[in-house]
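Student: My file is data.cif. It has mmCIF, C-alpha atoms and all ligand atoms:
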data_my_file
loop_
_atom_site.label_atom_id
_atom_site.label_comp_id
_atom_site.auth_asym_id
_atom_site.auth_seq_id
_atom_site.Cartn_x
_atom_site.Cartn_y
_atom_site.Cartn_z
CA MET F 1 155.25 174.84 82.98
CA ALA F 2 153.42 177.98 83.99
CA TRP F 3 155.38 181.17 83.57
CA PHE F 4 153.99 182.66 86.73
CA THR F 5 152.14 181.61 89.84
CA ARG F 6 149.39 183.26 91.83
CA GLN F 7 150.26 183.83 95.44
CA LYS F 8 150.55 186.62 97.92
CA PRO F 9 154.10 188.04 97.76
CA SER F 10 156.09 188.63 100.93
CA LEU F 11 156.98 192.30 100.76
CA GLU F 12 159.25 193.06 103.63
CA GLY F 13 161.24 196.26 103.79
CA GLY F 14 160.42 199.92 103.80
CA PRO F 15 158.31 201.88 101.35
CA PRO F 16 159.88 202.89 98.02
CA THR F 17 162.24 205.82 98.39
CA ASP F 18 161.40 207.58 95.16
CA GLY F 19 163.66 210.19 93.69
CA GLU F 20 166.63 209.51 95.92
CA LYS F 21 168.74 207.86 93.25
CA ASN F 22 169.45 211.00 91.26
CA VAL F 23 169.56 213.55 94.00
CA ARG F 24 172.03 213.49 96.85
CA THR F 25 170.11 213.58 100.06
CA GLU F 26 171.14 215.74 102.98
CA GLY F 27 168.14 215.86 105.24
CA LEU F 28 165.97 218.81 104.38
CA TRP F 29 168.06 219.78 101.39
CA GLN F 30 168.73 218.13 98.06
CA LYS F 31 171.35 218.84 95.45
CA CYS F 32 169.96 218.79 91.92
CA GLU F 33 172.14 216.52 89.82
CA ALA F 34 171.45 218.60 86.71
CA CYS F 35 172.05 222.18 87.84
CA GLY F 36 173.95 221.52 91.06
CA GLN F 37 171.81 223.91 93.10
CA ILE F 38 170.96 223.10 96.69
CA ILE F 39 167.18 223.11 96.97
CA TRP F 40 164.77 222.67 99.82
CA ARG F 41 163.61 219.07 99.55
CA LYS F 42 159.97 219.95 100.03
CA ALA F 43 160.12 222.42 97.14
CA ILE F 44 161.16 219.58 94.82
CA GLU F 45 158.54 217.22 96.23
CA ASP F 46 155.79 219.81 95.93
CA ASN F 47 156.84 220.30 92.31
CA LEU F 48 156.28 216.55 91.58
CA HIS F 49 160.03 215.83 91.86
CA VAL F 50 160.93 218.32 89.15
CA CYS F 51 163.76 220.75 90.02
CA PRO F 52 162.14 224.18 90.48
CA LYS F 53 165.38 225.90 89.38
CA CYS F 54 166.24 224.09 86.12
CA GLY F 55 163.26 221.85 85.35
CA HIS F 56 165.24 218.60 85.64
CA HIS F 57 162.86 215.66 85.98
CA VAL F 58 164.10 213.44 88.81
CA ARG F 59 163.21 209.78 88.32
CA ILE F 60 160.21 208.68 90.36
CA GLY F 61 158.86 205.24 91.21
CA ALA F 62 155.66 203.55 90.07
CA ALA F 63 153.70 204.20 93.27
CA GLU F 64 154.60 207.92 93.26
CA ARG F 65 153.61 208.13 89.59
CA LEU F 66 150.18 206.64 90.25
CA GLN F 67 149.65 208.98 93.19
CA GLN F 68 150.43 211.94 90.95
CA LEU F 69 148.03 210.88 88.20
CA PHE F 70 145.00 209.52 90.04
CA ASP F 71 142.59 211.93 91.73
CA ASP F 72 143.53 212.32 95.42
CA GLY F 73 146.24 209.70 94.79
CA LYS F 74 143.64 206.95 95.18
CA TYR F 75 143.51 203.83 93.02
CA GLU F 76 142.59 200.17 92.99
CA GLU F 77 145.44 197.78 92.23
CA HIS F 78 145.04 194.71 89.96
CA ASP F 79 146.84 191.36 89.70
CA ALA F 80 149.25 192.06 92.57
CA ASP F 81 149.40 188.30 93.23
CA LEU F 82 151.12 187.32 89.98
CA LEU F 83 154.67 186.15 90.69
CA SER F 84 157.36 184.79 88.39
CA SER F 85 157.89 181.03 88.58
CA ASP F 86 161.51 181.07 87.30
CA PRO F 87 160.69 178.88 84.25
CA LEU F 88 164.30 178.77 82.99
CA LYS F 89 165.90 178.04 86.40
CA PHE F 90 168.12 181.00 85.59
CA VAL F 91 171.28 181.77 87.55
CA ASP F 92 173.53 184.74 86.81
CA SER F 93 175.50 186.23 89.70
CA LYS F 94 172.74 184.76 91.88
CA PRO F 95 169.70 182.52 91.35
CA TYR F 96 166.75 184.37 89.83
CA PRO F 97 164.31 183.50 92.67
CA GLN F 98 166.77 185.03 95.15
CA ARG F 99 167.07 188.17 93.02
CA LEU F 100 163.27 188.45 92.88
CA GLU F 101 162.99 188.00 96.64
CA GLU F 102 165.58 190.74 97.29
CA MET F 103 163.85 193.07 94.84
CA ARG F 104 160.49 192.51 96.52
CA GLY F 105 162.09 193.40 99.82
CA ALA F 106 163.82 196.51 98.44
CA THR F 107 160.83 197.92 96.52
CA SER F 108 157.83 196.48 98.41
CA LEU F 109 156.48 195.49 95.00
CA PRO F 110 155.75 191.97 93.66
CA ASP F 111 157.27 192.72 90.23
CA ALA F 112 158.26 195.64 87.98
CA VAL F 113 154.82 197.06 87.23
CA ILE F 114 151.81 198.31 89.17
CA SER F 115 148.52 197.90 87.32
CA ALA F 116 145.74 200.11 88.65
CA SER F 117 142.47 201.79 87.85
CA GLY F 118 140.76 204.83 89.26
CA LEU F 119 139.74 208.38 88.40
CA LEU F 120 141.82 210.91 86.46
CA ASN F 121 140.18 214.33 86.58
CA GLY F 122 136.90 212.51 87.23
CA ARG F 123 137.22 210.05 84.34
CA ARG F 124 137.72 206.33 85.01
CA VAL F 125 141.01 205.10 83.46
CA GLY F 126 143.44 202.23 83.77
CA ILE F 127 147.08 203.13 84.43
CA CYS F 128 150.09 200.80 84.47
CA ALA F 129 153.34 202.24 85.82
CA LEU F 130 156.68 200.47 85.52
CA GLU F 131 159.13 200.46 88.42
CA LEU F 132 162.72 201.01 87.30
CA LYS F 133 164.14 199.92 90.65
CA PHE F 134 162.76 196.40 90.19
CA ILE F 135 165.45 194.69 88.04
CA GLY F 136 165.67 197.80 85.85
CA GLY F 137 161.92 197.89 85.19
CA SER F 138 162.46 194.82 83.02
CA MET F 139 159.60 192.94 81.37
CA GLY F 140 159.23 189.24 82.06
CA ALA F 141 156.12 187.07 82.00
CA VAL F 142 154.54 188.84 85.00
CA VAL F 143 154.94 192.37 83.62
CA GLY F 144 153.72 191.16 80.22
CA GLU F 145 150.72 189.38 81.70
CA LYS F 146 149.72 192.23 84.03
CA ILE F 147 149.83 194.77 81.22
CA THR F 148 147.97 192.42 78.85
CA ARG F 149 145.25 191.98 81.46
CA ALA F 150 145.10 195.77 81.91
CA ILE F 151 144.65 196.16 78.14
CA GLU F 152 141.89 193.54 78.10
CA ARG F 153 140.23 195.11 81.13
CA SER F 154 140.29 198.50 79.39
CA GLN F 155 138.70 196.93 76.33
CA ALA F 156 135.99 195.09 78.29
CA GLN F 157 135.11 198.13 80.41
CA ARG F 158 135.78 200.65 77.63
CA ILE F 159 138.03 202.78 79.82
CA PRO F 160 141.11 204.56 78.40
CA LEU F 161 144.50 203.06 79.17
CA ILE F 162 147.70 204.89 80.09
CA ILE F 163 151.03 203.08 80.44
CA VAL F 164 153.95 204.96 82.01
CA SER F 165 157.20 203.27 81.00
CA ALA F 166 160.58 203.30 82.75
CA SER F 167 162.48 200.22 81.72
CA GLY F 168 165.69 198.69 80.45
CA GLY F 169 163.69 196.30 78.25
CA ALA F 170 163.06 192.57 78.28
CA ARG F 171 164.11 190.60 81.37
CA MET F 172 167.26 188.63 80.65
CA GLN F 173 166.49 186.08 83.38
CA GLU F 174 163.35 184.97 81.51
CA GLY F 175 165.01 184.80 78.10
CA THR F 176 162.71 184.12 75.19
CA ILE F 177 159.63 184.11 77.43
CA SER F 178 160.27 187.84 77.93
CA LEU F 179 160.50 188.34 74.19
CA MET F 180 157.19 186.55 73.67
CA GLN F 181 155.53 189.27 75.76
CA LEU F 182 156.25 191.77 72.97
CA ALA F 183 154.03 189.84 70.56
CA LYS F 184 151.34 189.14 73.16
CA LEU F 185 151.12 192.80 74.20
CA SER F 186 151.17 194.10 70.65
CA ALA F 187 148.31 191.78 69.67
CA ALA F 188 146.27 192.86 72.71
CA LEU F 189 146.86 196.54 71.86
CA MET F 190 145.70 195.91 68.30
CA ARG F 191 142.41 194.54 69.62
CA LEU F 192 142.09 197.57 71.92
CA ASP F 193 142.65 199.82 68.92
CA GLU F 194 140.01 197.97 66.89
CA ALA F 195 137.59 198.41 69.78
CA GLY F 196 138.22 202.17 69.63
CA VAL F 197 139.43 202.55 73.22
CA PRO F 198 142.24 205.13 73.52
CA TYR F 199 145.70 204.19 74.76
CA ILE F 200 148.27 206.83 75.71
CA SER F 201 151.90 205.81 76.17
CA VAL F 202 154.06 207.96 78.46
CA LEU F 203 157.79 207.35 78.06
CA THR F 204 160.01 208.42 80.94
CA ASP F 205 163.73 208.26 81.66
CA PRO F 206 164.85 205.67 80.61
CA THR F 207 162.71 203.61 78.22
CA THR F 208 164.73 201.18 76.13
CA GLY F 209 164.93 197.70 74.61
CA GLY F 210 161.90 195.46 74.27
CA VAL F 211 159.61 197.92 76.05
CA THR F 212 160.35 200.60 73.43
CA ALA F 213 160.00 197.87 70.79
CA SER F 214 156.49 196.98 71.89
CA PHE F 215 153.83 198.78 73.92
CA ALA F 216 155.72 202.02 74.64
CA MET F 217 155.68 203.04 70.96
CA LEU F 218 152.20 201.73 70.14
CA GLY F 219 150.07 204.41 71.76
CA ASP F 220 147.41 206.40 69.95
CA LEU F 221 149.62 209.10 71.39
CA ASN F 222 153.24 208.54 72.41
CA ILE F 223 154.44 211.29 74.72
CA ALA F 224 157.58 211.67 76.82
CA GLU F 225 158.94 213.61 79.74
CA PRO F 226 161.68 216.17 78.95
CA GLY F 227 165.23 214.89 78.75
CA ALA F 228 164.28 211.20 78.84
CA LEU F 229 166.60 208.60 77.33
CA ILE F 230 164.51 206.61 74.85
CA GLY F 231 165.83 204.03 72.41
CA PHE F 232 166.17 200.37 71.54
CA ALA F 233 169.89 199.57 71.75
CA GLY F 234 172.28 201.80 73.72
CA PRO F 235 174.36 204.45 71.92
CA ARG F 236 177.65 202.55 72.37
CA VAL F 237 176.28 199.41 70.72
CA ILE F 238 174.90 201.44 67.80
CA GLU F 239 178.20 203.31 67.31
CA GLN F 240 180.12 200.04 67.27
CA THR F 241 177.67 198.51 64.78
CA ILE F 242 177.40 201.35 62.26
CA ARG F 243 180.95 202.66 62.91
CA GLN F 244 179.76 206.26 63.01
CA LYS F 245 179.62 208.92 65.67
CA LEU F 246 176.06 209.60 66.79
CA PRO F 247 174.68 213.16 66.76
CA GLU F 248 174.40 215.25 69.93
CA GLY F 249 171.31 214.45 72.00
CA PHE F 250 170.63 211.23 70.09
CA GLN F 251 167.96 209.15 71.91
CA LYS F 252 166.79 212.07 74.07
CA SER F 253 163.07 212.79 73.93
CA GLU F 254 163.65 216.24 72.31
CA PHE F 255 165.61 214.65 69.44
CA LEU F 256 162.93 211.99 68.96
CA VAL F 257 160.09 214.52 68.75
CA GLU F 258 162.09 216.51 66.20
CA HIS F 259 162.51 213.39 64.06
CA GLY F 260 158.92 212.22 64.28
CA PHE F 261 159.30 209.27 66.65
CA LEU F 262 157.24 210.85 69.42
CA ASP F 263 154.18 213.07 69.38
CA ALA F 264 155.01 215.48 72.18
CA ILE F 265 157.11 216.28 75.21
CA VAL F 266 155.02 216.97 78.27
CA LYS F 267 156.35 218.31 81.56
CA ARG F 268 155.46 216.21 84.58
CA THR F 269 153.69 219.16 86.16
CA GLU F 270 151.38 219.32 83.12
CA LEU F 271 151.06 215.60 82.47
CA LYS F 272 147.79 214.88 84.25
CA ASN F 273 145.89 217.73 82.60
CA TYR F 274 147.47 216.95 79.24
CA ILE F 275 146.24 213.35 79.40
CA SER F 276 142.83 214.50 80.56
CA ASN F 277 142.48 217.06 77.74
CA THR F 278 143.64 214.53 75.17
CA LEU F 279 141.05 211.99 76.34
CA ASN F 280 138.36 214.68 76.16
CA PHE F 281 139.38 215.23 72.57
CA PHE F 282 139.54 211.52 71.68
CA LEU F 283 136.21 210.71 73.28
CA ALA F 284 134.27 213.82 72.26
ZN ZN H 301 168.13 221.65 88.83
#
What's the structure tokens form of this structure?
Tutor:
Amino acid sequence: MAWFTRQKPSLEGGPPTDGEKNVRTEGLWQKCEACGQIIWRKAIEDNLHVCPKCGHHVRIGAAERLQQLFDDGKYEEHDADLLSSDPLKFVDSKPYPQRLEEMRGATSLPDAVISASGLLNGRRVGICALELKFIGGSMGAVVGEKITRAIERSQAQRIPLIIVSASGGARMQEGTISLMQLAKLSAALMRLDEAGVPYISVLTDPTTGGVTASFAMLGDLNIAEPGALIGFAGPRVIEQTIRQKLPEGFQKSEFLVEHGFLDAIVKRTELKNYISNTLNFFLA
């Protein structure tokens, strides 16, 4: 059985409401969940959804992310017609096809990633951005296939690839088929590496599970936003397994840079130019 089908998704519902999850909304004003200050909503939006008072990075959705990174917010989307076929006939609190349908309505997205290409500071690049609001940004066959195709497209066209992760990991509802994506993606990234086309991984809050265990940590450069939760298993599971208290700030991006798991922390307001400068360096 095919793991996904090709058809036009029905995407009813409003546009994604990025950044509203972490910030209480009161019309023109927002309360920053980190510093508690009441800030003019437009001041946060103009600052790419970073609190201008304390620098807290509010979570943003995939579409907002692509708009921030591509020149004039313009991009061409790829493989938007790939939809999960529910290969395991999975039912948890509700049947998986129903969950997918509700998610498509809530996010106006066909699945948990947008694959796109366009210009970044005048250079043609491919960018995939994961959408946390779509079943926790989880990776099933569709996310795996769309990212694999993006990798292969980057290789064929020799354009750099950037993947912005925000994910709870593999998608439970697709079981082992989700886990197989880890191997498929890793093999595709190896071929991209051999072809000498740069790949930059951007890890945002949160990036965990099978996404951390595959493409998110396989960049030529692995960079993260400040204060992002990044790990494989959650801290509670680790504490119960090793029977030890974990150190302060464990699994935050700052801790991971300090211990050599990441290359750099880059503020969202500097991200686009940082990527651009890095590509200039790689491709000089
Ligand atoms: Zn703040």
Student: What does the list of residues within 12 Å of ligand ZN 301 (chain H) look like if you count all atoms listed in the file, written as a ChimeraX atom specification?
Tutor: /F:22-23,30-41,43-44,47,49-58
Student: What's around Asn121 (chain F) at 9 Å? Count all atoms listed in the file, leave out sequence neighbours fewer than 2 positions away in its own chain, and write the answer as a ChimeraX atom specification.
Tutor: /F:69-71,119,123-124,272-273,276
Student: Since we have the selection now, will you write its residues out, keeping C-alpha atoms, as a PDB file, in the coordinates of the input?
Tutor:
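Below is the file out_30.pdb, written as the result:
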ATOM      1  CA  LEU F  69     148.030 210.880  88.200  1.00  0.00           C
ATOM      2  CA  PHE F  70     145.000 209.520  90.040  1.00  0.00           C
ATOM      3  CA  ASP F  71     142.590 211.930  91.730  1.00  0.00           C
ATOM      4  CA  LEU F 119     139.740 208.380  88.400  1.00  0.00           C
ATOM      5  CA  ARG F 123     137.220 210.050  84.340  1.00  0.00           C
ATOM      6  CA  ARG F 124     137.720 206.330  85.010  1.00  0.00           C
ATOM      7  CA  LYS F 272     147.790 214.880  84.250  1.00  0.00           C
ATOM      8  CA  ASN F 273     145.890 217.730  82.600  1.00  0.00           C
ATOM      9  CA  SER F 276     142.830 214.500  80.560  1.00  0.00           C
TER      10      SER F 276
END
Student: In terms of the shortest atom-to-atom distance over all atoms listed in the file, which of F:Gly144, F:Gly27, F:Gly175, F:Gly118 is closest to Leu83 (chain F)?
Tutor: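 That would be F:Gly144, the residue with the smallest distance to Leu83 (chain F).
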Student: If we count only C-alpha atoms, what is near Glu77 (chain F) at a cut-off of 10 Å, once residues fewer than 2 positions away on the same chain are taken out, given as a count of residues only?
Tutor: 12
Student: For CA of Val164 (chain F) and CA of Met139 (chain F), determine how far apart the two atoms are, in Å to one decimal place.
Tutor: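 That distance, rounded to one decimal, is 13.3 Å.
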